[in-house]
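To start, the structure under review is shown below, and the notes come after it.
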Amino acid sequence: MIRVLSTNITSPLGFDTEQNYQAVKAGKSALCPYMGWKGIPEEFTASLFSEKQMAELQVEGYTRFESIVIRSISDALGQTDIDVRSTRTLFVLSTTKGDIEELADVPENDGRYFSPGASAKRIAGYFGMTTDPIVVCNACISGTTAQILASRLMETALYDNAIVCGADCQSPFVVAGFMSFKSLSPEECRPFDIERLGLNLGDAAATVILTYSKRKAEGWKLLKGTLDNDAYHVSAPSPSGEGTYGVIMKTLEGFDKDRLALVSVHGTATMFNDQMESKAVERAGLSDIPACALKGYYGHTLGAAGVLESIMTMRALDDGLILPTRGFSEIGVSGKISITDRELQTDRTSFLKIISGFGGCNGALLYSKEETHDHESCGPVEHKTLHCVRIRPDSIEVDGEKLETETSGKQILTEAYRKYGIDYPKFYKMDVFSRIVFLAAELMAMKEPIGDEDTAVIIFNRSSSIVADRKHIATYSKPEEFYPSPSVFLYTLPNISIGEVAIRHGFKGETSLYILNERNDELISAVINAAFACSDAETIMTGWADCTDEDTFEAEIILTTK
């Protein structure tokens with residue numbers, strides 16, 4: 001079983017879990033309005049570290065983002081005696097954009113490189129970690145995905161302990177992007193409320209240290225986690241809550257829902273998310289279980305959300321409490337859901353965490369302090385490769401056969417798209433990285449149907465979405481020319497590439513994007529083996545796809561099945 005050893009929350013409300021809990025319990029929030037912040041010409045409300053707090057958190061020689069991660073991990077590690085230098089200790093970092101604010105000051109031809117994988121490597125070096133870190137870049141569900149990934153790699157006996165940290169520092173990059181979607185509220189957010197106007201953003205880092213044990217153990221245990229895609233739309237959830245309903249049902253399979261103290265909901269306070277979650281909760285038969293959203297205290301902390309909100313829920317249940325949803329007053333969704341606006345007492349010690357994000361991705365975690373039976377680890381699973389697509393600026397190969405092409409660079413992708421009669425007009429809106437992943441799936445599909453609706457898509461890369469990132473920066477960097485585009489910003493989330501594949505082919509299995517500092521085929525194979533062993537996936541589209549500029553890219557993507 002996967003057991004929690006220690007936790008930390010570093011946010012504008014405090015620099016450890018207890019400080020944060022006491023602040024939230026007292027009803028405090030760090031949300032406040034900002035106008036003219038870092039050149040952003042419009043007003044918004046957010047929970048951001050003050051200059052004084054950042055001065056206290058700053059670690060010399062490291063960026064703002066790296067510093068809050070280091071501070072969070074340091075506090076959590078201080079509560080344990082695990083050996084961070086051991087080859088049996090894993091480090092997983094979850095983030096949506098990591099050090100993206102650094103990229104805005106780096107010319108395109110500059111040799112310096114800012115990516116989440118590079119940041120994770122520097123952070124690992126600070127602590128003397130010897131294993132290669134993995135970055136989860138799965139939009140809003142990154143923190144939940146990271147906990148599931150860590151548990152799988154421990155369940156398959158590759159690691160004994162895992163340090164999982166979720167973090168994001170808000171920046172003009174992210175604020176402008178959400179402004180382009182008209183999803184930011186000028187006021188404090190009001191999850192599930194009839195007067196809700198949108199979400200608030202928030203700074204935070206949150207760390208949970210997990211360990212694997214075959215024997216019964218006291219304390220909090222991560223019993224199960226599930227990921228899926230609703231295959232509906234890359235920037236809007238299925239109105240029926242299909243994806244979230246799916247992960248709820250799979251995660252609670254065999255578990256009596258009446259043992260749940262609460263459902264920790266995503267609760268972004270946007271029109272579509274809250275409505276979708278309410279329908280999913282109702283469909284799953286959880287309408288009478290108290291539901292709690294924490295965005296009114298922290299805002300949406302992006303890559304930290306799934307970790308932070310799990311930790312805060314554990315701490316409150318340790319106190320026998322269900323926290324109120326700050327900002328909620330009157331129900332404003334059609335699905336039956338028991339959002340509480342006041343503190344409740346409970347003697348139950350299990351909860352369900354649900355979350356969803358851009359790209360159609362959904363996740364759920366089941367945590368409990370209840371006694372559980374002895375646990376057996378997952379064994380290896382044999383699987384075979386059905387197809388392999390290799391894409392380079394000067395060539396495209398399908399199952400070892402080189403396609404006839406006349407162009408190179410970015411144009412080779414368009415040439416293949418046209419030559420093989422692919423009909424998906426959104427292809428022309430995609431960034432180059434997304435086109436590569438999408439085209440690989442299309443070329444596989446010409447051979448034979450590629451899997452069924454349970455097919456998973458798990459892609460690895462190094463450069464995240466750097467080409468789309470630079471395009472987005474150009475849309476907001478001059479306040480007098482502030483015109484952020486929602487379509488450009490969307491593709492700065494690299495998991496959108498996978499969402500496009502899921503929608504095109506109706507894949508409703510797991511969709512995940514992992515970033516490594518360098519390609520590591522052994523680690524990639526371990527992650528895929530763990531996905532086969534610890535999930536329902538029968539077929540996985542996976543591999544390496546990286547793009548550093550519009551004419552420099554590489555991909556080796558396979559379709560593999562049990």
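In the structure tokens, chains take the letters A, B, ... in the order shown, each chain's residues start at 1, and ligands count up from 1 in the order shown.
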Exercise. Please, which residues of range 202-388 of chain A, numbered as in this document, come out helix (DSSP H, G or I) from DSSP, as an MDAnalysis selection string?
Worked result: chainID A and resid 242:251 257:259 271:283 295:298 302:318
Problem set entry | Closest of A:Thr340, A:Thr96, A:Asn20, A:Thr455 to Val174 in chain A - atom-to-atom distances counting only C-alpha atoms | A:Thr96
Exercise. So how many Å separate CA of Gly98 in chain A and CA of Val175 in chain A, to one decimal?
Worked result: 13.8 Å
Problem set entry | Shell of 8 Å around Asp452 in chain A, only C-alpha atoms, local chain residues under 2 positions omitted, as a PyMOL selection string | chain A and resi 449-450+454-455+506-507
Exercise. Quick one: of A:Lys295, A:Arg392, A:Arg152, A:Lys182, who's nearest to His266 in chain A, counting only C-alpha atoms?
Worked result: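 Of the candidates, the smallest distance to His266 in chain A is held by A:Lys295.
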For this session: Find the distance between CA of Ile422 in chain A and CA of Glu442 in chain A and write it in Å to one decimal.
Result: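 Computing it gives 7.6 Å between the two atoms.
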Problem set entry | DSSP-assigned strand (DSSP E or B) members of range 527-561 of chain A, reported as a list in words |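 Going through range 527-561 of chain A, the strand (DSSP E or B) residues come out as Thr539, Ile540, Met541, Thr542, Gly543, Trp544, Ala545, Asp546, Cys547, Thr548, Asp549, Thr552, Phe553, Glu554, Ala555, Glu556, Ile557, Ile558, Leu559, Thr560 and Thr561 of chain A.
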Written file, previous selection with all heavy atoms, as a compact mmCIF listing (two decimals), in the first residue's frame:
```
# COMPACT_ATOMS: atom_id res chain seq x y z
N THR A 539 -4.17 -1.13 -24.33
CA THR A 539 -3.38 -0.60 -25.44
C THR A 539 -2.93 0.80 -25.09
O THR A 539 -3.71 1.59 -24.56
CB THR A 539 -4.21 -0.56 -26.74
OG1 THR A 539 -4.69 -1.88 -27.02
CG2 THR A 539 -3.37 -0.08 -27.91
N ILE A 540 -1.67 1.13 -25.38
CA ILE A 540 -1.13 2.45 -25.09
C ILE A 540 -0.38 2.98 -26.31
O ILE A 540 0.47 2.30 -26.88
CB ILE A 540 -0.16 2.42 -23.89
CG1 ILE A 540 -0.87 1.91 -22.63
CG2 ILE A 540 0.41 3.82 -23.63
CD1 ILE A 540 0.05 1.80 -21.42
N MET A 541 -0.73 4.20 -26.70
CA MET A 541 0.06 4.93 -27.68
C MET A 541 1.07 5.76 -26.88
O MET A 541 0.69 6.55 -26.02
CB MET A 541 -0.83 5.85 -28.51
CG MET A 541 -0.07 6.74 -29.49
SD MET A 541 -1.18 7.86 -30.39
CE MET A 541 0.00 9.08 -30.98
N THR A 542 2.36 5.55 -27.15
CA THR A 542 3.36 6.18 -26.31
C THR A 542 4.65 6.44 -27.08
O THR A 542 4.81 6.00 -28.22
CB THR A 542 3.65 5.31 -25.07
OG1 THR A 542 4.53 6.01 -24.19
CG2 THR A 542 4.29 3.98 -25.47
N GLY A 543 5.57 7.12 -26.44
CA GLY A 543 6.87 7.36 -27.05
C GLY A 543 7.37 8.77 -26.81
O GLY A 543 6.84 9.51 -25.98
N TRP A 544 8.40 9.13 -27.55
CA TRP A 544 9.10 10.40 -27.39
C TRP A 544 8.73 11.34 -28.53
O TRP A 544 8.76 10.95 -29.70
CB TRP A 544 10.60 10.15 -27.38
CG TRP A 544 11.46 11.37 -27.22
CD1 TRP A 544 12.03 12.11 -28.21
CD2 TRP A 544 11.84 11.98 -25.99
NE1 TRP A 544 12.76 13.15 -27.67
CE2 TRP A 544 12.66 13.09 -26.31
CE3 TRP A 544 11.59 11.70 -24.65
CZ2 TRP A 544 13.22 13.91 -25.33
CZ3 TRP A 544 12.15 12.52 -23.68
CH2 TRP A 544 12.95 13.62 -24.02
N ALA A 545 8.40 12.59 -28.21
CA ALA A 545 8.12 13.60 -29.23
C ALA A 545 8.60 14.94 -28.69
O ALA A 545 8.14 15.38 -27.63
CB ALA A 545 6.63 13.65 -29.55
N ASP A 546 9.52 15.57 -29.39
CA ASP A 546 10.11 16.82 -28.90
C ASP A 546 10.26 17.81 -30.05
O ASP A 546 10.53 17.42 -31.20
CB ASP A 546 11.47 16.55 -28.26
CG ASP A 546 11.92 17.70 -27.38
OD1 ASP A 546 11.15 18.08 -26.49
OD2 ASP A 546 13.04 18.21 -27.59
N CYS A 547 10.10 19.09 -29.73
CA CYS A 547 10.17 20.13 -30.74
C CYS A 547 10.77 21.38 -30.12
O CYS A 547 10.22 21.92 -29.15
CB CYS A 547 8.77 20.43 -31.28
SG CYS A 547 8.68 21.78 -32.46
N THR A 548 11.91 21.85 -30.64
CA THR A 548 12.57 23.03 -30.09
C THR A 548 12.34 24.29 -30.92
O THR A 548 12.45 25.40 -30.42
CB THR A 548 14.08 22.79 -29.95
OG1 THR A 548 14.61 22.36 -31.21
CG2 THR A 548 14.36 21.72 -28.90
N ASP A 549 12.04 24.13 -32.20
CA ASP A 549 11.55 25.24 -33.02
C ASP A 549 10.76 24.64 -34.18
O ASP A 549 10.67 23.41 -34.31
CB ASP A 549 12.69 26.15 -33.51
CG ASP A 549 13.68 25.47 -34.44
OD1 ASP A 549 13.24 24.85 -35.44
OD2 ASP A 549 14.88 25.54 -34.16
N THR A 552 12.76 22.08 -36.14
CA THR A 552 13.63 21.15 -35.43
C THR A 552 12.79 20.29 -34.49
O THR A 552 12.29 20.79 -33.47
CB THR A 552 14.71 21.90 -34.64
OG1 THR A 552 15.40 22.80 -35.51
CG2 THR A 552 15.70 20.93 -34.03
N PHE A 553 12.64 19.04 -34.85
CA PHE A 553 11.78 18.16 -34.04
C PHE A 553 12.16 16.71 -34.28
O PHE A 553 12.84 16.36 -35.26
CB PHE A 553 10.31 18.38 -34.36
CG PHE A 553 9.99 18.43 -35.83
CD1 PHE A 553 9.84 17.26 -36.58
CD2 PHE A 553 9.83 19.65 -36.47
CE1 PHE A 553 9.55 17.31 -37.93
CE2 PHE A 553 9.54 19.71 -37.83
CZ PHE A 553 9.39 18.52 -38.57
N GLU A 554 11.71 15.86 -33.38
CA GLU A 554 11.92 14.43 -33.50
C GLU A 554 10.81 13.70 -32.77
O GLU A 554 10.30 14.18 -31.76
CB GLU A 554 13.27 14.01 -32.93
CG GLU A 554 13.41 14.31 -31.44
CD GLU A 554 14.67 13.70 -30.83
OE1 GLU A 554 15.20 12.75 -31.43
OE2 GLU A 554 15.09 14.17 -29.75
N ALA A 555 10.43 12.56 -33.33
CA ALA A 555 9.41 11.76 -32.66
C ALA A 555 9.61 10.29 -32.98
O ALA A 555 9.97 9.93 -34.11
CB ALA A 555 8.02 12.20 -33.11
N GLU A 556 9.43 9.47 -31.98
CA GLU A 556 9.40 8.01 -32.15
C GLU A 556 8.26 7.51 -31.28
O GLU A 556 8.38 7.42 -30.06
CB GLU A 556 10.72 7.38 -31.74
CG GLU A 556 10.75 5.88 -31.97
CD GLU A 556 12.09 5.26 -31.65
OE1 GLU A 556 13.09 6.01 -31.48
OE2 GLU A 556 12.16 4.02 -31.57
N ILE A 557 7.13 7.25 -31.91
CA ILE A 557 5.90 6.93 -31.20
C ILE A 557 5.41 5.55 -31.62
O ILE A 557 5.37 5.23 -32.82
CB ILE A 557 4.83 8.00 -31.46
CG1 ILE A 557 5.34 9.36 -30.94
CG2 ILE A 557 3.50 7.64 -30.80
CD1 ILE A 557 4.41 10.52 -31.20
N ILE A 558 5.06 4.75 -30.62
CA ILE A 558 4.62 3.38 -30.90
C ILE A 558 3.21 3.15 -30.37
O ILE A 558 2.72 3.89 -29.50
CB ILE A 558 5.57 2.34 -30.26
CG1 ILE A 558 5.52 2.44 -28.73
CG2 ILE A 558 6.98 2.52 -30.78
CD1 ILE A 558 6.25 1.31 -28.01
N LEU A 559 2.58 2.12 -30.91
CA LEU A 559 1.33 1.61 -30.37
C LEU A 559 1.64 0.24 -29.82
O LEU A 559 2.11 -0.65 -30.54
CB LEU A 559 0.26 1.52 -31.47
CG LEU A 559 -1.15 1.19 -30.97
CD1 LEU A 559 -1.73 2.37 -30.20
CD2 LEU A 559 -2.06 0.81 -32.14
N THR A 560 1.43 0.08 -28.53
CA THR A 560 1.79 -1.18 -27.87
C THR A 560 0.58 -1.73 -27.12
O THR A 560 -0.25 -0.98 -26.62
CB THR A 560 2.98 -0.97 -26.91
OG1 THR A 560 3.35 -2.21 -26.33
CG2 THR A 560 2.66 0.02 -25.81
N THR A 561 0.50 -3.05 -27.04
CA THR A 561 -0.66 -3.68 -26.42
C THR A 561 -0.25 -4.89 -25.60
O THR A 561 0.80 -5.50 -25.85
CB THR A 561 -1.68 -4.11 -27.50
OG1 THR A 561 -2.88 -4.58 -26.87
CG2 THR A 561 -1.12 -5.20 -28.39
```
Exercise. Ala162 in chain A: which residues within 8 Å, counting only C-alpha atoms, same-chain residues fewer than 4 positions away excluded, as a PyMOL selection string?
Worked result: chain A and resi 89-92+150+154+209-211
The selected residues should be written to file as a PDB file, in the first residue's frame (atoms: N, CA and C atoms).
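Written output follows (out_21.pdb):
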```
ATOM      1  N   THR A  89      14.690   6.193  -4.257  1.00  0.00           N
ATOM      2  CA  THR A  89      13.856   7.368  -3.970  1.00  0.00           C
ATOM      3  C   THR A  89      13.559   8.108  -5.268  1.00  0.00           C
ATOM      4  N   LEU A  90      12.284   8.311  -5.534  1.00  0.00           N
ATOM      5  CA  LEU A  90      11.794   8.948  -6.760  1.00  0.00           C
ATOM      6  C   LEU A  90      11.402  10.388  -6.487  1.00  0.00           C
ATOM      7  N   PHE A  91      11.634  11.272  -7.460  1.00  0.00           N
ATOM      8  CA  PHE A  91      11.186  12.660  -7.375  1.00  0.00           C
ATOM      9  C   PHE A  91      10.271  12.944  -8.561  1.00  0.00           C
ATOM     10  N   VAL A  92       9.027  13.311  -8.265  1.00  0.00           N
ATOM     11  CA  VAL A  92       8.060  13.690  -9.295  1.00  0.00           C
ATOM     12  C   VAL A  92       7.634  15.126  -9.039  1.00  0.00           C
ATOM     13  N   ALA A 150       3.589   8.213  -9.106  1.00  0.00           N
ATOM     14  CA  ALA A 150       4.496   7.787  -8.029  1.00  0.00           C
ATOM     15  C   ALA A 150       4.025   6.474  -7.412  1.00  0.00           C
ATOM     16  N   MET A 154       6.051   2.767  -7.420  1.00  0.00           N
ATOM     17  CA  MET A 154       6.350   2.050  -6.180  1.00  0.00           C
ATOM     18  C   MET A 154       5.649   0.701  -6.139  1.00  0.00           C
ATOM     19  N   ILE A 209       5.187  13.256   0.695  1.00  0.00           N
ATOM     20  CA  ILE A 209       6.191  12.195   0.603  1.00  0.00           C
ATOM     21  C   ILE A 209       5.492  10.868   0.880  1.00  0.00           C
ATOM     22  N   LEU A 210       5.604   9.963  -0.076  1.00  0.00           N
ATOM     23  CA  LEU A 210       4.915   8.683  -0.025  1.00  0.00           C
ATOM     24  C   LEU A 210       5.912   7.541   0.131  1.00  0.00           C
ATOM     25  N   THR A 211       5.459   6.465   0.745  1.00  0.00           N
ATOM     26  CA  THR A 211       6.289   5.278   0.873  1.00  0.00           C
ATOM     27  C   THR A 211       5.451   4.045   0.593  1.00  0.00           C
TER      28      THR A 211
END
```
Problem set entry | Selection: 8 Å around Glu371 in chain A, only C-alpha atoms, excl. self and same-chain fewer than 3 positions, as a ChimeraX atom specification | /A:216-218
Would you save the residues from that selection as a compact mmCIF listing (two decimals), in the first residue's frame, using N, CA, C and O atoms?
```
# COMPACT_ATOMS: atom_id res chain seq x y z
N LYS A 216 0.05 -3.76 6.79
CA LYS A 216 -0.86 -2.76 7.31
C LYS A 216 -0.08 -1.65 8.00
O LYS A 216 0.95 -1.90 8.61
N ALA A 217 -0.58 -0.45 7.87
CA ALA A 217 0.13 0.68 8.48
C ALA A 217 -0.87 1.74 8.90
O ALA A 217 -1.94 1.89 8.30
N GLU A 218 -0.51 2.47 9.95
CA GLU A 218 -1.37 3.56 10.41
C GLU A 218 -1.16 4.79 9.52
O GLU A 218 -0.20 4.88 8.76
```
What are the closest atom pairs, with distances in Å to one decimal, for each residue of range 75-125 of chain A lying within 9 Å of range 512-520 of chain A, using only C-alpha atoms, rows by chain and rising residue number, as CSV?
```
residue,atom,partner,partner_atom,distance
A:Ser115,CA,A:Asn517,CA,8.0
A:Pro116,CA,A:Ile515,CA,7.1
A:Gly117,CA,A:Asn517,CA,4.2
A:Ala118,CA,A:Asn517,CA,5.2
A:Ser119,CA,A:Asn517,CA,8.4
A:Ala120,CA,A:Asn517,CA,7.7
A:Lys121,CA,A:Asn517,CA,6.7
```
